[in-house]
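Reading through the structure tokens given below for one structure.
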Amino acid sequence: MEAEALQKEALAAAEAAQTLAQLDEARVQYLGRSSELKLALREVRDRETGMALNAVREALEAAFAARQSELERAELSARLTTERVDVTLPAELLGDVRVRPRGSLHPTTLIRRDVEDAFIGLGYEIREDREIETVEYNFDKLAFPAWHPARSSRDTFYVDADTVLRTETSPSQIHILEEKPPPVYMVSIGRVYRRDAITPTRFPIFHQFEGLAIDRGITMADLKGTLLHVMRALFGEEREVRFRTHYFPFTEPSMEPDVSCGVCGGSGCPTCKWSGWIEIGGSGMVDPQVLANVGLDPGEWGGFAFGLGLERAAQLRYDIPTIRPFWENDLRFVRQFR
Ligand code: DAH
């Protein structure tokens with residue numbers, strides 16, 4: 001073919017290519033090793049023809065390169081339009097994208113976080129301890145007398161004669177006091193176990209938070225003020241706290257705190273059984289025997305302790321009549337606490 005005609009045909013082919021693949025095909029055809037042009041160049045005998053054919057080759061190479069960048073730009077902008085993701089759209093509108101359901105926190109977790117916040121705000125350290133506990137730490141060092149019913153295997157899950165599933169978070173008091181010298185301000189949170197039949201208020205596994213403050217010159221007023229702070233953080237600023245005397249092995253004196261009823265505000269209603277108050281947990285001034293058990297001088301150091309149930313607190317806050325749904329893994333229950 002005439003060089004001029006060949007050039008025209010090749011330029012037209014480059015122009016006609018609509019995709020990079022088509023352009024490649026045309027390039028092989030007109031500039032490839034066995035193309036008419038390359039074969040002709042190999043046969044060249046005279047300078048004139050050589051210069052003419054090389055000029056054609058250069059013109060074609062330039063034309064193919066130009067078309068190539070045109071097509072590349074077009075393909076890129078096509079991809080940018082079709083593959084565009086508008087990250088500001090709500091997830092449900094993103095076409096094929098699988099929508100992830102939004103989860104919600106378990107009410108026990110919600111209460112736990114509020115407890116942690118309230119005490120971190122007071123400068124307490126938060127800790128967790130083992131759930132499989134020795135009889136020594138669960139009972140002996142906490143000054144449980146030999147006759148105490150909680151020591152019975154009817155009330156407590158024994159792993160072996162010296163080991164139990166802890167029945168309370170109180171062993172944390174011993175652990176931290178053995179770990180470091182006072183002053184100590186700590187809250188321990190975690191699961192505890194009791195051999196209870198399931199009722200609206202009891203379940204064989206539940207959570208407690210345990211507070212301990214050991215320092216010089218701590219009084220019962222400090223205990224009451226601390227509990228008032230926490231009750232208000234959990235249940236609202238209008239709440240009041242009162243104490244009723246009680247007995248616990250590791251505190252002397254021992255008190256059960258009550259929080260004023262949030263349903264009636266204290267005037268009396270079915271929720272508080274017409275008393276205006278709701279029982280919540282135990283507390284007291286740390287018994288000198290407990291301090292002596294960890295090698296502290298009760299003449300120098302003293303303090304208070306308290307223990308409350310997380311589920312019980314959540315039941316009061318969210319008005320949940322029984323403890324069972326906390327442990328049933330029913331998502332319909334959990335989803336109500338968005
Ligand atoms: N350990 C007690 C229980 O589980 C609760 C308790 C009472 C904890 C008095 C304390 C306390 O720290 O001082 O019933």
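Each chain in the structure tokens gets a letter, A, B and so on, in the order shown; residues start at 1 in every chain, and ligands are counted from 1 in the order they appear.
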Determine, counting only C-alpha atoms, which protein, DNA and RNA residues have an atom within 7 Å of an atom of Pro288 of chain A; residues of the same chain fewer than 3 positions away are not included. Present the result as a compact mmCIF listing (two decimals) with N, CA and C atoms, in the first residue's frame.
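Result file follows (selection-v5.txt):
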# COMPACT_ATOMS: atom_id res chain seq x y z
N LEU A 291 -8.39 -5.30 108.95
CA LEU A 291 -7.15 -4.54 108.81
C LEU A 291 -5.98 -5.35 109.38
N ALA A 292 -6.21 -5.94 110.56
CA ALA A 292 -5.16 -6.75 111.18
C ALA A 292 -4.81 -7.94 110.28
N PRO A 298 -4.88 -1.08 113.04
CA PRO A 298 -6.22 -0.46 113.09
C PRO A 298 -6.22 0.82 113.91
Mind running segment 170-254 of chain A against segment 127-135 of chain A at 9 Å and telling me each contacting residue's nearest atom pair with the distance in Å (one decimal), counting only C-alpha atoms, chain and number ascending, as a Markdown table?
| residue | atom | partner | partner_atom | distance |
| --- | --- | --- | --- | --- |
| A:Pro171 | CA | A:Glu133 | CA | 8.1 |
| A:Ser172 | CA | A:Asp129 | CA | 6.4 |
| A:His175 | CA | A:Asp129 | CA | 8.2 |
| A:Met186 | CA | A:Arg127 | CA | 7.2 |
| A:Val187 | CA | A:Arg127 | CA | 6.2 |
| A:Ser188 | CA | A:Arg127 | CA | 4.7 |
| A:Ile189 | CA | A:Glu128 | CA | 5.7 |
| A:Gly190 | CA | A:Glu128 | CA | 6.3 |
| A:Arg191 | CA | A:Glu131 | CA | 6.8 |
| A:Val192 | CA | A:Glu131 | CA | 6.8 |
| A:Tyr193 | CA | A:Glu131 | CA | 8.5 |
For the selection you just gave me, I'd like the residues written to a file as an mmCIF file, in the first residue's frame, keeping N, CA and C atoms.
data_model
loop_
_atom_site.group_PDB
_atom_site.id
_atom_site.type_symbol
_atom_site.label_atom_id
_atom_site.label_comp_id
_atom_site.auth_asym_id
_atom_site.auth_seq_id
_atom_site.Cartn_x
_atom_site.Cartn_y
_atom_site.Cartn_z
ATOM 1 N N PRO A 171 -13.613 -9.932 98.448
ATOM 2 C CA PRO A 171 -12.200 -10.357 98.499
ATOM 3 C C PRO A 171 -11.246 -9.346 97.865
ATOM 4 N N SER A 172 -11.742 -8.488 96.976
ATOM 5 C CA SER A 172 -10.883 -7.444 96.396
ATOM 6 C C SER A 172 -10.303 -6.531 97.466
ATOM 7 N N HIS A 175 -7.221 -8.302 98.527
ATOM 8 C CA HIS A 175 -6.197 -8.312 97.472
ATOM 9 C C HIS A 175 -5.489 -6.968 97.382
ATOM 10 N N MET A 186 -10.517 2.339 96.124
ATOM 11 C CA MET A 186 -10.724 1.462 94.966
ATOM 12 C C MET A 186 -12.176 1.027 94.821
ATOM 13 N N VAL A 187 -12.533 0.725 93.572
ATOM 14 C CA VAL A 187 -13.817 0.083 93.292
ATOM 15 C C VAL A 187 -13.521 -1.148 92.450
ATOM 16 N N SER A 188 -14.029 -2.287 92.879
ATOM 17 C CA SER A 188 -13.838 -3.536 92.160
ATOM 18 C C SER A 188 -15.190 -3.969 91.588
ATOM 19 N N ILE A 189 -15.207 -4.319 90.316
ATOM 20 C CA ILE A 189 -16.471 -4.667 89.657
ATOM 21 C C ILE A 189 -16.340 -6.030 89.001
ATOM 22 N N GLY A 190 -17.386 -6.859 89.129
ATOM 23 C CA GLY A 190 -17.319 -8.137 88.432
ATOM 24 C C GLY A 190 -18.431 -9.079 88.836
ATOM 25 N N ARG A 191 -18.330 -10.308 88.311
ATOM 26 C CA ARG A 191 -19.364 -11.310 88.535
ATOM 27 C C ARG A 191 -19.166 -12.031 89.858
ATOM 28 N N VAL A 192 -20.278 -12.386 90.476
ATOM 29 C CA VAL A 192 -20.253 -13.185 91.696
ATOM 30 C C VAL A 192 -21.312 -14.290 91.568
ATOM 31 N N TYR A 193 -21.178 -15.315 92.409
ATOM 32 C CA TYR A 193 -21.992 -16.531 92.237
ATOM 33 C C TYR A 193 -22.602 -16.984 93.557
#
Near-segment 234-249 of chain A list (6 Å; only C-alpha atoms; drop same-chain fewer than 4 positions) as an MDAnalysis selection string: chainID A and resid 143:144 228 254:260
Every residue of segment 214-321 of chain A that DSSP places in alpha helix (DSSP H), as a PyMOL selection string: chain A and resi 220-235+288-293+310-318
For the interface of chain A with ligand 1 (cut-off 7 Å, counting only C-alpha atoms and all ligand atoms), please tabulate each contacting residue of chain A alongside its nearest pair of atoms and their separation in Å to one decimal, rows sorted by chain and increasing number, as a tab-separated table.
residue	atom	partner	partner_atom_place_in_ligand_line	distance
A:Thr167	CA	ligand 1	4 (O)	6.7
A:Glu168	CA	ligand 1	4 (O)	4.5
A:Thr169	CA	ligand 1	1 (N)	6.4
A:Ser170	CA	ligand 1	1 (N)	5.3
A:Glu210	CA	ligand 1	12 (O)	5.6
A:Gly211	CA	ligand 1	12 (O)	6.1
A:Leu212	CA	ligand 1	12 (O)	6.9
A:Phe248	CA	ligand 1	9 (C)	5.8
A:Phe250	CA	ligand 1	13 (O)	6.7
A:Thr251	CA	ligand 1	13 (O)	5.5
A:Ser254	CA	ligand 1	9 (C)	6.6
A:Gly281	CA	ligand 1	5 (C)	5.9
A:Gly282	CA	ligand 1	7 (C)	3.5
A:Ser283	CA	ligand 1	13 (O)	3.5
A:Gly284	CA	ligand 1	13 (O)	4.5
A:Met285	CA	ligand 1	13 (O)	6.8
A:Val286	CA	ligand 1	13 (O)	6.7
A:Phe304	CA	ligand 1	13 (O)	6.7
A:Ala305	CA	ligand 1	13 (O)	4.0
A:Phe306	CA	ligand 1	12 (O)	3.4
A:Gly307	CA	ligand 1	8 (C)	3.5
A:Leu308	CA	ligand 1	5 (C)	6.3
Residues of the last selection are to be written out with N, CA and C atoms, as a PDB file, in the first residue's frame.
ATOM      1  N   THR A 167     -18.455 -15.348  96.153  1.00  0.00           N
ATOM      2  CA  THR A 167     -19.860 -15.065  96.450  1.00  0.00           C
ATOM      3  C   THR A 167     -20.114 -13.568  96.519  1.00  0.00           C
ATOM      4  N   GLU A 168     -19.020 -12.780  96.394  1.00  0.00           N
ATOM      5  CA  GLU A 168     -19.123 -11.329  96.537  1.00  0.00           C
ATOM      6  C   GLU A 168     -17.815 -10.748  96.011  1.00  0.00           C
ATOM      7  N   THR A 169     -17.795  -9.441  95.765  1.00  0.00           N
ATOM      8  CA  THR A 169     -16.553  -8.806  95.321  1.00  0.00           C
ATOM      9  C   THR A 169     -15.678  -8.375  96.500  1.00  0.00           C
ATOM     10  N   SER A 170     -16.134  -8.643  97.714  1.00  0.00           N
ATOM     11  CA  SER A 170     -15.377  -8.205  98.893  1.00  0.00           C
ATOM     12  C   SER A 170     -13.936  -8.728  98.973  1.00  0.00           C
ATOM     13  N   GLU A 210     -17.802  -3.109  94.402  1.00  0.00           N
ATOM     14  CA  GLU A 210     -17.322  -3.087  95.782  1.00  0.00           C
ATOM     15  C   GLU A 210     -16.442  -1.868  95.952  1.00  0.00           C
ATOM     16  N   GLY A 211     -16.746  -1.055  96.936  1.00  0.00           N
ATOM     17  CA  GLY A 211     -15.898   0.111  97.179  1.00  0.00           C
ATOM     18  C   GLY A 211     -15.099  -0.069  98.455  1.00  0.00           C
ATOM     19  N   LEU A 212     -13.894   0.496  98.466  1.00  0.00           N
ATOM     20  CA  LEU A 212     -13.080   0.461  99.677  1.00  0.00           C
ATOM     21  C   LEU A 212     -12.271   1.755  99.755  1.00  0.00           C
ATOM     22  N   PHE A 248     -22.577  -7.350 108.861  1.00  0.00           N
ATOM     23  CA  PHE A 248     -21.702  -8.037 107.911  1.00  0.00           C
ATOM     24  C   PHE A 248     -20.439  -8.419 108.667  1.00  0.00           C
ATOM     25  N   PHE A 250     -17.341  -8.286 107.974  1.00  0.00           N
ATOM     26  CA  PHE A 250     -16.095  -7.533 107.748  1.00  0.00           C
ATOM     27  C   PHE A 250     -16.253  -6.033 107.980  1.00  0.00           C
ATOM     28  N   THR A 251     -17.415  -5.621 108.515  1.00  0.00           N
ATOM     29  CA  THR A 251     -17.588  -4.204 108.841  1.00  0.00           C
ATOM     30  C   THR A 251     -18.155  -4.075 110.251  1.00  0.00           C
ATOM     31  N   SER A 254     -22.039  -2.036 110.731  1.00  0.00           N
ATOM     32  CA  SER A 254     -22.499  -2.333 109.374  1.00  0.00           C
ATOM     33  C   SER A 254     -23.830  -1.651 109.121  1.00  0.00           C
ATOM     34  N   GLY A 281     -27.927  -2.833  98.616  1.00  0.00           N
ATOM     35  CA  GLY A 281     -26.559  -3.173  98.992  1.00  0.00           C
ATOM     36  C   GLY A 281     -26.248  -3.145 100.469  1.00  0.00           C
ATOM     37  N   GLY A 282     -24.939  -3.258 100.752  1.00  0.00           N
ATOM     38  CA  GLY A 282     -24.460  -3.262 102.126  1.00  0.00           C
ATOM     39  C   GLY A 282     -23.254  -2.345 102.257  1.00  0.00           C
ATOM     40  N   SER A 283     -22.957  -1.960 103.499  1.00  0.00           N
ATOM     41  CA  SER A 283     -21.817  -1.064 103.705  1.00  0.00           C
ATOM     42  C   SER A 283     -21.430  -1.062 105.173  1.00  0.00           C
ATOM     43  N   GLY A 284     -20.358  -0.372 105.479  1.00  0.00           N
ATOM     44  CA  GLY A 284     -19.970  -0.250 106.872  1.00  0.00           C
ATOM     45  C   GLY A 284     -18.554   0.273 107.008  1.00  0.00           C
ATOM     46  N   MET A 285     -18.133   0.410 108.273  1.00  0.00           N
ATOM     47  CA  MET A 285     -16.755   0.805 108.552  1.00  0.00           C
ATOM     48  C   MET A 285     -15.922  -0.466 108.639  1.00  0.00           C
ATOM     49  N   VAL A 286     -14.791  -0.496 107.952  1.00  0.00           N
ATOM     50  CA  VAL A 286     -13.994  -1.722 107.859  1.00  0.00           C
ATOM     51  C   VAL A 286     -13.629  -2.217 109.264  1.00  0.00           C
ATOM     52  N   PHE A 304     -13.981   2.803 105.108  1.00  0.00           N
ATOM     53  CA  PHE A 304     -15.301   2.226 104.883  1.00  0.00           C
ATOM     54  C   PHE A 304     -15.290   1.329 103.661  1.00  0.00           C
ATOM     55  N   ALA A 305     -16.342   0.506 103.558  1.00  0.00           N
ATOM     56  CA  ALA A 305     -16.501  -0.377 102.404  1.00  0.00           C
ATOM     57  C   ALA A 305     -17.986  -0.466 102.100  1.00  0.00           C
ATOM     58  N   PHE A 306     -18.274  -0.804 100.853  1.00  0.00           N
ATOM     59  CA  PHE A 306     -19.671  -1.020 100.478  1.00  0.00           C
ATOM     60  C   PHE A 306     -19.724  -1.963  99.294  1.00  0.00           C
ATOM     61  N   GLY A 307     -20.855  -2.631  99.120  1.00  0.00           N
ATOM     62  CA  GLY A 307     -21.020  -3.532  97.991  1.00  0.00           C
ATOM     63  C   GLY A 307     -22.452  -3.472  97.507  1.00  0.00           C
ATOM     64  N   LEU A 308     -22.614  -3.311  96.184  1.00  0.00           N
ATOM     65  CA  LEU A 308     -23.966  -3.207  95.616  1.00  0.00           C
ATOM     66  C   LEU A 308     -24.072  -4.051  94.354  1.00  0.00           C
TER      67      LEU A 308
END
Shell around segment 98-112 of chain A at 8 Å using only C-alpha atoms, local window under 5 positions removed, as a VMD selection string: chain A and resid 91 to 92 189 234 310 to 311 313 to 314 326 334 to 335 337 to 338
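Every protein or nucleic acid residue with an atom no more than 12 Å from Asp24 of chain A, counting only C-alpha atoms and leaving out same-chain residues fewer than 4 positions away, appears here: Ala13, Ala14, Ala16, Ala17, Gln18, Thr19, Leu20, Val28, Gln29, Tyr30, Leu31, Gly32, Glu61, Phe64, Ala65, Arg67, Gln68 and Leu71 of chain A.
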Can you write out the residues you just picked, keeping all heavy atoms, as a CSV table (one decimal), in the first residue's frame?
chain,number,residue,atom,x,y,z
A,13,ALA,N,-8.0,4.4,12.1
A,13,ALA,CA,-8.2,3.3,13.0
A,13,ALA,C,-7.9,3.8,14.5
A,13,ALA,O,-8.7,3.4,15.4
A,13,ALA,CB,-7.3,2.2,12.7
A,14,ALA,N,-6.9,4.6,14.7
A,14,ALA,CA,-6.6,5.1,16.0
A,14,ALA,C,-7.8,5.9,16.5
A,14,ALA,O,-8.2,5.8,17.7
A,14,ALA,CB,-5.3,5.9,16.0
A,16,ALA,N,-10.8,5.8,15.6
A,16,ALA,CA,-12.1,5.0,15.7
A,16,ALA,C,-12.1,4.1,17.0
A,16,ALA,O,-13.1,3.7,17.5
A,16,ALA,CB,-12.3,4.1,14.5
A,17,ALA,N,-10.9,3.8,17.5
A,17,ALA,CA,-10.8,3.0,18.7
A,17,ALA,C,-11.5,3.7,19.9
A,17,ALA,O,-11.3,4.8,20.2
A,17,ALA,CB,-9.3,2.7,19.1
A,18,GLN,N,-12.5,2.9,20.5
A,18,GLN,CA,-13.3,3.5,21.6
A,18,GLN,C,-12.8,3.0,23.0
A,18,GLN,O,-13.2,3.5,24.0
A,18,GLN,CB,-14.8,3.1,21.4
A,18,GLN,CG,-15.4,3.7,20.2
A,18,GLN,CD,-15.3,5.2,20.2
A,18,GLN,OE1,-15.6,5.9,21.2
A,18,GLN,NE2,-14.8,5.8,19.0
A,19,THR,N,-11.9,2.0,22.9
A,19,THR,CA,-11.4,1.5,24.2
A,19,THR,C,-9.9,1.3,24.1
A,19,THR,O,-9.4,1.2,22.9
A,19,THR,CB,-12.0,0.1,24.6
A,19,THR,OG1,-11.6,-0.8,23.6
A,19,THR,CG2,-13.6,0.2,24.6
A,20,LEU,N,-9.2,1.1,25.2
A,20,LEU,CA,-7.8,0.9,25.2
A,20,LEU,C,-7.5,-0.4,24.5
A,20,LEU,O,-6.5,-0.6,23.8
A,20,LEU,CB,-7.2,0.9,26.6
A,20,LEU,CG,-7.2,2.3,27.2
A,20,LEU,CD1,-7.0,2.3,28.7
A,20,LEU,CD2,-6.1,3.2,26.5
A,28,VAL,N,-1.1,-2.9,17.1
A,28,VAL,CA,-0.4,-4.1,16.6
A,28,VAL,C,-0.5,-4.2,15.1
A,28,VAL,O,0.4,-4.5,14.4
A,28,VAL,CB,-1.0,-5.4,17.3
A,28,VAL,CG1,-0.5,-6.7,16.6
A,28,VAL,CG2,-0.7,-5.4,18.8
A,29,GLN,N,-1.7,-3.9,14.7
A,29,GLN,CA,-2.0,-4.1,13.2
A,29,GLN,C,-1.1,-3.1,12.4
A,29,GLN,O,-0.5,-3.5,11.4
A,29,GLN,CB,-3.4,-3.8,12.9
A,29,GLN,CG,-3.8,-4.0,11.4
A,29,GLN,CD,-5.2,-3.8,11.1
A,29,GLN,OE1,-6.1,-3.7,12.0
A,29,GLN,NE2,-5.6,-3.6,9.8
A,30,TYR,N,-1.0,-1.8,12.9
A,30,TYR,CA,-0.3,-0.8,12.0
A,30,TYR,C,1.2,-0.6,12.5
A,30,TYR,O,2.0,-0.1,11.7
A,30,TYR,CB,-1.1,0.5,12.0
A,30,TYR,CG,-2.4,0.3,11.3
A,30,TYR,CD1,-3.6,0.2,12.0
A,30,TYR,CD2,-2.4,0.2,9.9
A,30,TYR,CE1,-4.8,0.0,11.4
A,30,TYR,CE2,-3.6,0.0,9.2
A,30,TYR,CZ,-4.8,-0.1,10.0
A,30,TYR,OH,-6.0,-0.3,9.3
A,31,LEU,N,1.5,-0.9,13.7
A,31,LEU,CA,2.9,-0.6,14.2
A,31,LEU,C,3.6,-1.8,14.7
A,31,LEU,O,4.7,-1.8,15.1
A,31,LEU,CB,2.9,0.5,15.2
A,31,LEU,CG,2.6,1.9,14.8
A,31,LEU,CD1,2.3,2.8,15.9
A,31,LEU,CD2,3.7,2.5,13.9
A,32,GLY,N,2.9,-3.0,14.8
A,32,GLY,CA,3.4,-4.2,15.3
A,32,GLY,C,4.6,-4.7,14.5
A,32,GLY,O,4.8,-4.2,13.4
A,61,GLU,N,3.0,6.8,15.7
A,61,GLU,CA,3.3,6.6,17.1
A,61,GLU,C,2.8,7.8,17.9
A,61,GLU,O,2.1,7.6,19.0
A,61,GLU,CB,4.8,6.5,17.3
A,61,GLU,CG,5.3,5.0,17.1
A,61,GLU,CD,6.8,4.9,17.0
A,61,GLU,OE1,7.5,5.9,17.3
A,61,GLU,OE2,7.3,3.7,16.8
A,64,PHE,N,-1.1,7.4,18.0
A,64,PHE,CA,-1.5,6.4,19.0
A,64,PHE,C,-1.3,6.8,20.4
A,64,PHE,O,-2.2,6.6,21.3
A,64,PHE,CB,-0.8,5.1,18.7
A,64,PHE,CG,-1.5,4.3,17.6
A,64,PHE,CD1,-1.1,4.4,16.3
A,64,PHE,CD2,-2.5,3.4,17.9
A,64,PHE,CE1,-1.7,3.6,15.3
A,64,PHE,CE2,-3.2,2.6,16.9
A,64,PHE,CZ,-2.8,2.8,15.6
A,65,ALA,N,-0.2,7.5,20.7
A,65,ALA,CA,0.0,7.9,22.1
A,65,ALA,C,-1.0,8.9,22.5
A,65,ALA,O,-1.5,8.9,23.6
A,65,ALA,CB,1.4,8.5,22.2
A,67,ARG,N,-4.1,9.3,21.3
A,67,ARG,CA,-5.4,8.7,21.5
A,67,ARG,C,-5.4,7.9,22.8
A,67,ARG,O,-6.4,7.8,23.5
A,67,ARG,CB,-5.6,7.7,20.3
A,67,ARG,CG,-7.0,7.0,20.3
A,67,ARG,CD,-8.1,8.0,20.1
A,67,ARG,NE,-9.4,7.4,20.2
A,67,ARG,CZ,-10.5,8.0,20.7
A,67,ARG,NH1,-10.5,9.3,21.1
A,67,ARG,NH2,-11.7,7.4,20.7
A,68,GLN,N,-4.2,7.3,23.1
A,68,GLN,CA,-4.2,6.5,24.3
A,68,GLN,C,-4.5,7.3,25.5
A,68,GLN,O,-5.3,7.0,26.4
A,68,GLN,CB,-2.8,5.8,24.5
A,68,GLN,CG,-2.6,5.2,25.9
A,68,GLN,CD,-1.8,3.9,25.8
A,68,GLN,OE1,-1.4,3.4,24.8
A,68,GLN,NE2,-1.6,3.4,27.0
A,71,LEU,N,-8.2,8.2,25.7
A,71,LEU,CA,-9.0,7.1,26.2
A,71,LEU,C,-8.8,6.8,27.7
A,71,LEU,O,-9.8,6.5,28.4
A,71,LEU,CB,-8.7,5.8,25.4
A,71,LEU,CG,-9.2,5.8,23.9
A,71,LEU,CD1,-8.8,4.6,23.2
A,71,LEU,CD2,-10.7,6.0,23.8
Those of segment 18-258 of chain A in DSSP strand (DSSP E or B), formatted as number ranges by chain: A: 125-127, 132-134, 158-160, 163-165, 184-193, 205-215, 241-248, 251-258
